[in-house]
Structure formats: structure tokens, C-alpha cells
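Data from model_27.cif: mmCIF, C-alpha atoms
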data_start
#
loop_
_atom_site.label_atom_id
_atom_site.label_comp_id
_atom_site.auth_asym_id
_atom_site.auth_seq_id
_atom_site.Cartn_x
_atom_site.Cartn_y
_atom_site.Cartn_z
CA MET A 909 -154.97 60.49 78.19
CA GLY A 910 -152.89 58.15 80.31
CA LEU A 911 -151.12 54.92 79.55
CA GLU A 912 -150.48 52.79 82.59
CA ASN A 913 -148.74 49.45 82.59
CA ARG A 914 -148.09 46.35 84.64
CA LEU A 915 -144.56 45.77 83.37
CA LYS A 916 -142.92 45.83 86.79
CA GLU A 917 -145.41 43.29 88.10
CA TYR A 918 -144.84 40.91 85.19
CA ARG A 919 -141.06 41.33 85.41
CA ALA A 920 -141.14 40.41 89.09
CA ARG A 921 -143.33 37.41 88.26
CA ASP A 922 -140.83 36.12 85.69
CA ASN A 923 -137.79 37.22 87.71
CA LEU A 924 -136.46 39.44 84.92
CA ASN A 925 -134.55 42.67 85.42
CA GLN A 926 -134.86 45.65 83.06
CA SER A 927 -131.68 44.74 81.15
CA ASP A 928 -132.84 41.16 80.60
CA LEU A 929 -136.22 42.30 79.31
CA GLY A 930 -134.51 44.90 77.12
CA LYS A 931 -132.29 42.22 75.56
CA LEU A 932 -135.29 39.96 74.91
CA VAL A 933 -137.24 42.65 73.07
CA GLY A 934 -134.30 44.47 71.43
CA ALA A 935 -134.51 47.64 73.53
CA SER A 936 -132.16 49.32 75.99
CA ARG A 937 -132.54 49.16 79.77
CA GLN A 938 -133.36 52.89 79.76
CA THR A 939 -136.22 52.38 77.32
CA ILE A 940 -137.75 49.68 79.52
CA SER A 941 -137.34 52.01 82.50
CA LEU A 942 -139.03 54.88 80.60
CA ILE A 943 -141.97 52.64 79.63
CA GLU A 944 -142.34 51.35 83.18
CA ARG A 945 -142.41 54.89 84.60
CA GLY A 946 -145.03 55.87 82.02
CA ASP A 947 -142.68 58.44 80.48
CA TYR A 948 -142.68 56.79 77.06
CA SER A 949 -145.45 55.03 75.12
CA PRO A 950 -143.96 52.12 73.19
CA SER A 951 -144.75 51.47 69.54
CA VAL A 952 -147.24 48.73 68.67
CA ILE A 953 -144.36 46.45 67.66
CA LEU A 954 -142.45 46.92 70.92
CA ALA A 955 -145.64 46.50 72.97
CA LEU A 956 -146.38 43.24 71.10
CA LYS A 957 -142.82 42.01 71.65
CA ILE A 958 -143.03 42.73 75.39
CA ALA A 959 -146.42 41.03 75.64
CA ARG A 960 -145.06 38.01 73.80
CA VAL A 961 -142.15 37.69 76.28
CA PHE A 962 -144.63 37.51 79.18
CA GLY A 963 -147.03 35.24 77.27
CA THR A 964 -149.87 37.71 77.58
CA THR A 965 -151.74 40.32 75.53
CA VAL A 966 -150.95 43.99 75.06
CA GLU A 967 -154.28 44.91 76.69
CA GLU A 968 -153.30 42.94 79.79
CA LEU A 969 -149.96 44.76 80.04
CA PHE A 970 -150.96 48.27 79.04
CA LEU A 971 -153.99 50.03 80.42
CA PHE A 972 -155.21 53.00 78.41
CA GLU A 973 -157.49 55.46 80.16
CA GLU A 974 -159.15 58.37 78.39
CA GLU A 975 -159.52 61.35 80.70
CA MET B 104 -155.51 86.00 84.36
CA LYS B 105 -157.08 85.93 80.90
CA LYS B 106 -154.73 84.70 78.17
CA LEU B 107 -153.89 87.15 75.37
CA ASN B 108 -154.94 86.40 71.83
CA PRO B 109 -151.78 85.02 70.06
CA THR B 110 -152.13 87.56 67.19
CA ILE B 111 -152.38 90.51 69.61
CA LYS B 112 -149.48 89.05 71.61
CA PHE B 113 -147.42 88.77 68.41
CA PHE B 114 -148.02 92.42 67.49
CA ILE B 115 -147.29 93.62 71.05
CA VAL B 116 -143.96 91.71 71.01
CA LEU B 117 -143.25 93.17 67.55
CA VAL B 118 -143.86 96.75 68.73
CA ILE B 119 -141.78 96.25 71.91
CA SER B 120 -138.94 94.69 69.85
CA ALA B 121 -139.03 97.60 67.38
CA PHE B 122 -138.94 100.06 70.28
CA ILE B 123 -135.98 98.28 71.94
CA GLY B 124 -134.23 98.04 68.53
CA GLY B 125 -134.72 101.78 67.95
CA LEU B 126 -133.49 102.55 71.46
CA LEU B 127 -130.40 100.36 71.03
CA GLY B 128 -129.73 101.77 67.56
CA GLY B 129 -129.99 105.31 68.93
CA SER B 130 -127.68 104.49 71.86
CA ILE B 131 -125.16 102.92 69.50
CA THR B 132 -125.17 106.03 67.30
CA ARG B 133 -124.51 108.19 70.36
CA GLY B 134 -121.86 105.87 71.82
CA GLU B 135 -120.33 105.02 68.44
CA ASP B 136 -116.78 105.94 69.49
CA VAL B 137 -116.92 103.99 72.75
CA ILE B 138 -118.22 100.85 71.01
CA LEU B 139 -115.67 101.17 68.24
CA GLN B 140 -112.86 101.59 70.77
CA ASN B 141 -114.04 98.59 72.82
CA MET B 142 -114.27 96.43 69.71
CA ILE B 143 -110.76 97.45 68.65
CA ASN B 144 -109.45 96.79 72.18
CA PHE B 145 -111.09 93.37 72.23
CA GLN B 146 -109.70 92.48 68.82
CA ASN B 147 -106.20 93.68 69.78
CA TYR B 148 -106.37 91.67 72.99
CA MET B 149 -107.33 88.55 71.02
CA VAL B 150 -104.59 89.19 68.44
CA ILE B 151 -101.82 89.78 70.99
CA ASN B 152 -102.81 86.98 73.40
CA ASN B 153 -104.20 84.53 70.87
CA LEU B 154 -101.58 81.83 71.49
CA LEU B 155 -101.89 82.16 75.26
CA ILE B 156 -105.71 82.03 75.09
CA GLN B 157 -105.48 79.05 72.72
CA ALA B 158 -103.08 77.19 75.04
CA ILE B 159 -104.94 77.96 78.29
CA LEU B 160 -108.50 77.39 76.99
CA LEU B 161 -107.72 74.22 75.06
CA GLY B 162 -105.45 72.97 77.86
CA LEU B 163 -108.26 73.41 80.41
CA CYS B 164 -110.72 71.67 78.10
CA ALA B 165 -108.26 68.79 77.66
CA LEU B 166 -107.85 68.49 81.43
CA VAL B 167 -111.63 68.37 82.02
CA ILE B 168 -112.02 65.82 79.20
CA LEU B 169 -109.31 63.56 80.65
CA ILE B 170 -110.73 63.77 84.19
CA LEU B 171 -114.26 62.95 82.99
CA TYR B 172 -113.07 60.16 80.70
CA PHE B 173 -110.93 58.35 83.27
CA SER B 174 -113.53 58.82 85.99
CA ALA B 175 -116.17 57.24 83.70
CA LYS B 176 -113.76 54.43 82.83
CA LEU B 177 -113.11 53.69 86.51
CA LYS B 178 -116.83 53.73 87.29
CA LEU B 179 -117.46 51.38 84.38
CA LYS B 180 -114.95 48.91 85.86
CA ARG B 181 -116.84 49.00 89.17
CA LEU B 182 -120.25 48.57 87.50
CA LYS B 183 -122.16 45.46 88.53
CA GLU B 184 -125.08 44.03 86.59
CA ASN B 185 -127.95 45.41 88.69
CA ASP B 186 -126.38 48.69 89.78
CA ASP B 187 -128.88 51.01 88.07
CA ILE B 188 -127.71 54.14 89.96
CA LEU B 189 -124.08 53.78 88.84
CA PHE B 190 -125.26 52.91 85.31
CA ASP B 191 -127.24 56.16 85.13
CA GLN B 192 -124.27 58.11 86.55
CA ILE B 193 -121.92 56.80 83.86
CA ASP B 194 -124.56 57.36 81.18
CA ARG B 195 -124.98 61.01 82.24
CA GLN B 196 -121.22 61.52 82.43
CA LEU B 197 -120.69 60.16 78.92
CA GLY B 198 -123.68 62.19 77.72
CA PHE B 199 -121.87 65.33 78.91
CA LEU B 200 -118.39 64.27 77.83
CA LEU B 201 -119.12 63.74 74.12
CA PRO B 202 -120.60 67.21 73.42
CA PHE B 203 -117.85 68.76 75.58
CA ILE B 204 -115.19 67.15 73.36
CA THR B 205 -116.98 68.54 70.27
CA VAL B 206 -117.09 72.02 71.86
CA ALA B 207 -113.33 71.80 72.54
CA MET B 208 -112.78 70.91 68.88
CA ILE B 209 -114.90 73.88 67.74
CA PHE B 210 -112.95 76.20 70.09
CA GLY B 211 -109.77 74.92 68.44
CA PHE B 212 -111.07 75.73 64.95
CA CYS B 213 -112.26 79.24 65.96
CA LEU B 214 -109.01 80.15 67.69
CA PHE B 215 -107.01 78.84 64.75
CA GLY B 216 -109.11 81.15 62.58
CA VAL B 217 -107.85 84.04 64.74
CA THR B 218 -104.26 82.78 64.28
CA VAL B 219 -104.68 82.71 60.51
CA THR B 220 -106.23 86.21 60.51
CA ASN B 221 -103.28 87.47 62.60
CA SER B 222 -100.84 85.98 60.12
CA LEU B 223 -102.08 88.47 57.52
CA GLU B 224 -100.67 91.27 59.66
CA GLY B 225 -97.66 89.90 61.47
CA GLY B 226 -96.58 86.67 59.76
CA PHE B 227 -97.76 83.11 60.42
CA ASN B 228 -97.07 81.67 63.86
CA ILE B 229 -96.25 77.96 63.61
CA LEU B 230 -97.04 77.44 67.31
CA GLY B 231 -100.69 78.29 66.61
CA LEU B 232 -100.80 75.59 63.95
CA ILE B 233 -99.15 73.06 66.30
CA ILE B 234 -101.69 73.80 69.08
CA PHE B 235 -104.54 73.51 66.57
CA LEU B 236 -103.27 70.18 65.19
CA ALA B 237 -102.62 68.81 68.68
CA ASN B 238 -106.12 69.83 69.82
CA THR B 239 -107.75 68.28 66.74
CA ALA B 240 -105.81 65.02 67.18
CA PHE B 241 -106.59 64.94 70.90
CA THR B 242 -110.32 65.62 70.50
CA LEU B 243 -110.60 63.05 67.70
CA THR B 244 -108.83 60.41 69.80
CA MET B 245 -111.00 61.21 72.83
CA THR B 246 -114.16 61.00 70.69
CA VAL B 247 -113.16 57.51 69.51
CA LEU B 248 -112.27 56.41 73.07
CA THR B 249 -115.48 57.84 74.57
CA ILE B 250 -117.62 56.12 71.95
CA LYS B 251 -115.77 52.87 72.70
CA LEU B 252 -116.65 53.40 76.36
CA SER B 253 -120.31 54.01 75.43
CA LYS B 254 -120.25 50.74 73.52
CA VAL B 255 -119.17 48.92 76.69
CA LEU B 256 -122.21 50.41 78.44
CA TYR B 257 -124.46 49.75 75.43
CA PRO B 258 -123.03 46.69 73.61
CA GLU B 259 -125.79 46.84 70.98
CA LYS B 260 -124.48 50.17 69.63
CA ARG B 261 -122.78 50.06 66.24
CA GLY B 262 -120.54 52.34 64.18
CA ASN B 263 -116.95 53.53 63.99
CA PRO B 264 -116.60 57.27 64.70
CA LEU B 265 -113.88 57.53 62.04
CA ASP B 266 -116.27 56.18 59.42
CA PHE B 267 -118.20 58.79 57.37
CA ASN B 268 -121.38 56.73 57.89
CA PHE B 269 -120.98 56.71 61.66
CA ASP B 270 -124.10 58.78 62.45
CA LYS B 271 -126.27 56.56 60.24
CA GLU B 272 -124.88 53.34 61.76
CA TRP B 273 -125.20 54.68 65.31
CA LEU B 274 -128.80 55.80 64.80
CA LYS B 275 -129.64 52.46 63.20
CA SER B 276 -128.46 50.68 66.34
CA CYS B 277 -130.59 52.90 68.62
CA ASP B 278 -133.91 51.57 69.83
CA GLU B 279 -137.19 53.46 69.27
CA ALA B 280 -137.09 55.51 72.49
CA GLU B 281 -133.47 56.53 71.87
CA LYS B 282 -134.41 57.58 68.33
CA PHE B 283 -137.34 59.55 69.72
CA VAL B 284 -134.90 61.40 72.01
CA VAL B 285 -132.63 62.17 69.02
CA TYR B 286 -135.57 63.47 66.94
CA LYS B 287 -136.93 65.62 69.77
CA ALA B 288 -133.48 67.07 70.49
CA SER B 289 -132.91 67.73 66.77
CA TYR B 290 -136.22 69.58 66.41
CA ARG B 291 -135.47 71.63 69.53
CA CYS B 292 -132.09 72.51 68.02
CA TYR B 293 -133.79 73.54 64.73
CA GLN B 294 -136.25 75.75 66.60
CA MET B 295 -133.55 77.37 68.75
CA MET B 296 -131.24 77.96 65.81
CA ASN B 297 -133.95 80.02 64.07
CA PHE B 298 -133.91 82.36 67.08
CA VAL B 299 -130.10 82.34 67.20
CA TYR B 300 -129.80 83.33 63.51
CA CYS B 301 -132.36 86.08 64.02
CA GLY B 302 -130.49 87.32 67.11
CA VAL B 303 -127.11 87.27 65.36
CA VAL B 304 -128.47 89.19 62.34
CA THR B 305 -129.98 91.80 64.71
CA PHE B 306 -126.66 92.05 66.58
CA CYS B 307 -124.77 92.52 63.30
CA LEU B 308 -127.26 95.21 62.19
CA LEU B 309 -126.81 97.09 65.46
CA ILE B 310 -123.01 96.80 65.33
CA SER B 311 -123.05 97.94 61.68
CA ILE B 312 -124.30 101.33 62.87
CA ALA B 313 -120.99 101.88 64.63
CA ILE B 314 -118.51 99.79 62.61
CA ASN B 315 -118.30 98.62 59.05
CA ILE B 316 -118.34 94.84 59.43
CA GLY B 317 -118.61 94.20 55.71
CA ILE B 318 -121.10 92.02 53.87
CA PHE B 319 -119.68 88.60 54.76
CA PRO B 320 -121.37 88.19 58.17
CA TYR B 321 -124.78 88.69 56.51
CA LEU B 322 -123.97 86.40 53.60
CA LEU B 323 -122.66 83.70 55.94
CA ILE B 324 -125.63 83.84 58.32
CA GLY B 325 -128.04 83.95 55.37
CA PHE B 326 -126.37 80.92 53.80
CA LEU B 327 -126.51 78.92 57.07
CA TRP B 328 -130.10 79.95 57.82
CA ILE B 329 -131.37 79.07 54.34
CA THR B 330 -129.41 75.79 54.30
CA GLN B 331 -130.92 74.74 57.63
CA THR B 332 -134.46 75.70 56.60
CA LEU B 333 -134.17 73.92 53.24
CA ILE B 334 -132.67 70.73 54.70
CA TYR B 335 -135.42 70.59 57.31
CA SER B 336 -138.24 71.27 54.83
CA ILE B 337 -136.97 68.90 52.13
CA THR B 338 -136.38 66.08 54.63
CA ALA B 339 -139.79 66.59 56.29
CA ASN B 340 -141.50 66.64 52.89
CA ARG B 341 -139.69 63.46 51.83
CA PHE B 342 -140.75 61.64 54.99
CA GLN B 343 -144.35 62.88 54.72
CA HIS B 344 -144.72 61.38 51.27
CA GLY B 345 -142.51 58.32 51.60
CA PRO B 346 -141.76 55.44 53.96
CA LEU B 347 -140.80 56.44 57.52
CA ASP B 348 -138.89 53.21 58.01
CA ASN B 349 -139.69 53.07 61.72
CA VAL B 350 -140.17 49.30 61.99
CA GLN B 351 -137.52 47.89 64.33
#

C-alpha cells encoding of this file:
Amino acid sequence: MGLENRLKEYRARDNLNQSDLGKLVGASRQTISLIERGDYSPSVILALKIARVFGTTVEELFLFEEE
Amino acid sequence: MKKLNPTIKFFIVLVISAFIGGLLGGSITRGEDVILQNMINFQNYMVINNLLIQAILLGLCALVILILYFSAKLKLKRLKENDDILFDQIDRQLGFLLPFITVAMIFGFCLFGVTVTNSLEGGFNILGLIIFLANTAFTLTMTVLTIKLSKVLYPEKRGNPLDFNFDKEWLKSCDEAEKFVVYKASYRCYQMMNFVYCGVVTFCLLISIAINIGIFPYLLIGFLWITQTLIYSITANRFQHGPLDNVQ
């Protein structure tokens, strides 16, 4: 099972760096970096918070593929 | 290559371990005098040079701690907002420094234990106590300063290291991924410690063939092992049947 995401793309669109996004959602820069690299799957709450910052849905940001 | 059935693998490991144990036990019985002499030599060396070992080892630790601390502090001054590489460097350095300070403190306690044991034979050496107190004060101060430095890197972190609730406060201020790291590391520690206890008991059993080490090593290890197992099981059981409190 793989969880891919479009976080980097959305950050670039809104001109936000990892620290800024972290502050907005109450997470550290490292956590945002881990999520972006696909090394950590965020909780539902964090995923919703991130989606809310970018004005989109969780499904738009995170792509879940069953292998 | 075909994988072995876990049960068969378990019994093979058991037989090999028993064979090695028997072999070691037999060798110890044959070389009883040599082992006994080496143990006595080691103990005498520790007793005679305890103060020197204490001063050199703790002095070296203090030097490494100071170098790492001031280097991290300098790097932190140079850190600019988008310098991710330097940020990671400082983070790694602080991640090494904190456990190193704790290890230095533990060394201090162990070596002071040797000083106290020596005092039973040749009178108490005040210098040993001074080195121990100096090391404890130094490591405590460096812990506080390093945590202050971490708070500059992570302003959202909370807790005063001199407060008894520090660990709770610190964990509370961690985000979900940081907590996940703490939980994974804690479970790994629990798993490894089970092997360590088993290894130490085996070592004590083997040494007991040659030297009378008394009952306290077994009682102490047993107490620590049971305490760890019970704390883990009770906490896990509590969380399985109660709120996990993982909403950030």
C-alpha cells in the first residue's frame, strides 16, 4: 500500500515553505518533510488541517494506491 | 532458499544456545583459576585507579559535551530561515548531545559506586565525592542548557528539565510524528532490554561457576526485568481499554 501526496506542489502554489506550513497546522518542519517524502502517513486530523490550509480536500492532496 | 518454520528455527536456536552454554560452562570450570585471577586483577585495577579513571573519563566526557554544545550554539546563531541542511545538522547534533550528557551522568554514578565500595576497605576518599558532585552539577546544567538550545530550534516545545513533570510536558508539546518516533524508540528499547536482561543473567550464571557473586545480581536483574515487564503490560492494557488521547 502506498500513500502519495501533492504537498510540495500545493506549497509551491501558495508560496509556503515547510516551516510556514508546519506553523499553520501545528506540526514541526520535520513532520511536514516526512509527510512530503512519504515516510510518514499523517493522522486524519492532520491531513484535514493541511487540506484546509490549501482550501482543498484530503483526497486531492493524498493519493492512496492499493498494491 | 526456503524459509525455516519459526517453531523449528526456535528449537534449533535453543539447542545451539544450550550447546554453547554447556561449552562455555565447561571452559569456565576448567579455566576457573584464570578467570578468578583476571576478575580480581580487574577489580584491583578499578579500586587503585578509581579516582584517576573517574577524573579522566568524566573529564573527557565533559570536553566532548562542551565542544558539541558550543558548536551547536554557534551553528544556531548562523541559522537562516530556509537553511534546511544546517537545521538538520543542528538537530542531529542536539539529538546526540542529550543522550551523551545522560551517559556521562550514569558513568558518574557508577564510578561513585566504586568509590563508595572502596571506602569500605580503605576509608572514604573525599575527592571521589567532589568529582561525583561536580559531574552531576555539570551534567544537570548542560542538560538544562541543551534543552534551552532545542527550544530555540523548536519554539513550540514546552517544559522545564528541572521540573518533575518535564517528560510529560515535553511529550505534550510534540506533534504526532515526533510522538510516533518516541513510541517506536521506546518499544525498541523495551524489546532490546529483554535480550539484555537475558544476556546479563546468562553472564552472571556463567561467572557464578568460577566466582561466588552472591544473590544480589540475580535479585537486582529480576527486580528490573519484572518491573519493566509489568509497567509495559499494565500501561498497554490501560491504553487498550481506555482513551488513547491522540487528538492534537

**Request:** Just give me the gap between atom CA of B:Phe190 and atom CA of B:Leu256 in Å, one decimal is fine.
**Result:**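 That distance, rounded to one decimal, is 7.9 Å.
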
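Distance annotation: of B:Glu135, B:Asp266, B:Glu272, B:Glu184, the residue with the minimal separation from chain A is B:Glu184; atom set is only C-alpha atoms.
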
Neighbours of A:Leu942 within 12 Å (all atoms listed in the file; same-chain residues fewer than 6 positions away dropped), as a short mmCIF file (atom, residue, chain, number, x, y, z; two decimals) with C-alpha atoms, in the coordinates of the input?
data_model
loop_
_atom_site.label_atom_id
_atom_site.label_comp_id
_atom_site.auth_asym_id
_atom_site.auth_seq_id
_atom_site.Cartn_x
_atom_site.Cartn_y
_atom_site.Cartn_z
CA GLU A 912 -150.48 52.79 82.59
CA ASN A 913 -148.74 49.45 82.59
CA LEU A 915 -144.56 45.77 83.37
CA LYS A 916 -142.92 45.83 86.79
CA GLN A 926 -134.86 45.65 83.06
CA GLY A 930 -134.51 44.90 77.12
CA ALA A 935 -134.51 47.64 73.53
CA SER A 936 -132.16 49.32 75.99
CA TYR A 948 -142.68 56.79 77.06
CA SER A 949 -145.45 55.03 75.12
CA PRO A 950 -143.96 52.12 73.19
CA GLU B 279 -137.19 53.46 69.27
CA ALA B 280 -137.09 55.51 72.49
CA GLU B 281 -133.47 56.53 71.87
CA PHE B 283 -137.34 59.55 69.72
CA VAL B 284 -134.90 61.40 72.01
#

**Request:** Might you spell out which residues the PyMOL selection byres ((chain A and resi 969) around 8) would select in the displayed file, as a VMD selection string?
**Result:** chain A and resid 913 to 915 959 964 to 968 970 to 971

Could you list, with a cut-off of 12 Å and counting all atoms listed in the file, the residues of chain A near chain B, each shown with its nearest atom pair and the distance in Å rounded to one decimal, rows sorted by chain and ascending number, as CSV?
residue,atom,partner,partner_atom,distance
A:Leu924,CA,B:Asn185,CA,11.1
A:Asn925,CA,B:Asn185,CA,7.9
A:Gln926,CA,B:Asn185,CA,8.9
A:Ser927,CA,B:Asn185,CA,8.4
A:Asp928,CA,B:Glu184,CA,10.2
A:Gly930,CA,B:Asp278,CA,9.9
A:Lys931,CA,B:Glu259,CA,9.2
A:Val933,CA,B:Asp278,CA,10.1
A:Gly934,CA,B:Asp278,CA,7.3
A:Ala935,CA,B:Asp278,CA,5.4
A:Ser936,CA,B:Asp278,CA,6.8
A:Arg937,CA,B:Tyr257,CA,9.2
A:Gln938,CA,B:Ala280,CA,8.6
A:Thr939,CA,B:Ala280,CA,5.8
A:Ile940,CA,B:Ala280,CA,9.2
A:Ser941,CA,B:Asp187,CA,10.2
A:Leu942,CA,B:Ala280,CA,8.4
A:Ile943,CA,B:Ala280,CA,9.1
A:Asp947,CA,B:Ala280,CA,10.2
A:Tyr948,CA,B:Ala280,CA,7.3
A:Ser949,CA,B:Ala280,CA,8.8
A:Pro950,CA,B:Ala280,CA,7.7
A:Ser951,CA,B:Glu279,CA,7.8
A:Val952,CA,B:Val350,CA,9.7
A:Ile953,CA,B:Val350,CA,7.6
A:Leu954,CA,B:Gln351,CA,8.3
A:Ala955,CA,B:Glu279,CA,11.6
A:Lys957,CA,B:Gln351,CA,10.8

**Message:** When the PyMOL selection byres ((chain B and resi 240-255) around 8) is applied to the structure above, which residues does it catch, written out as a PyMOL selection string?
**Reply:** chain B and resi 165+168+172+176+194+197+200-201+204-205+207-208+236-239+256-261+263-265

**Message:** If we count only C-alpha atoms and set the cut-off at 12 Å, which residues sit around stretch 111-126 of chain B, ignoring sequence neighbours fewer than 6 positions away in its own chain? Please answer as a list in words.
**Reply:** Thr132, Arg133, Gly302, Thr305, Phe306, Leu308, Leu309, Ile310 and Ile312 of chain B

**Request:** Go ahead and compute the interatomic distance for atom CA of B:Arg291 and atom CA of B:Leu127, in Å to one decimal.
**Result:**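 Between atom CA of B:Arg291 and atom CA of B:Leu127 the gap is 29.2 Å.
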
**Request:** Work out how far atom CA of B:Val303 is from atom CA of B:Ile316, in Å to one decimal.
**Result:**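 Computed distance, atom CA of B:Ile316 to atom CA of B:Val303, equals 13.0 Å.
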
**Request:** Can you pull out every residue within 8 Å of B:Leu154, counting only C-alpha atoms, but drop anything in the same chain fewer than 5 positions away, and send it as a list in words?
**Result:**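 Those residues are Thr218, Leu230 and Gly231 of chain B.
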
**Request:** Name all residues at most 10 Å from stretch 145-149 of chain B (count all atoms listed in the file; drop same-chain ones fewer than 4 positions away) and give them as an MDAnalysis selection string.
**Result:** chainID B and resid 139:141 153:157 214 217:218 221
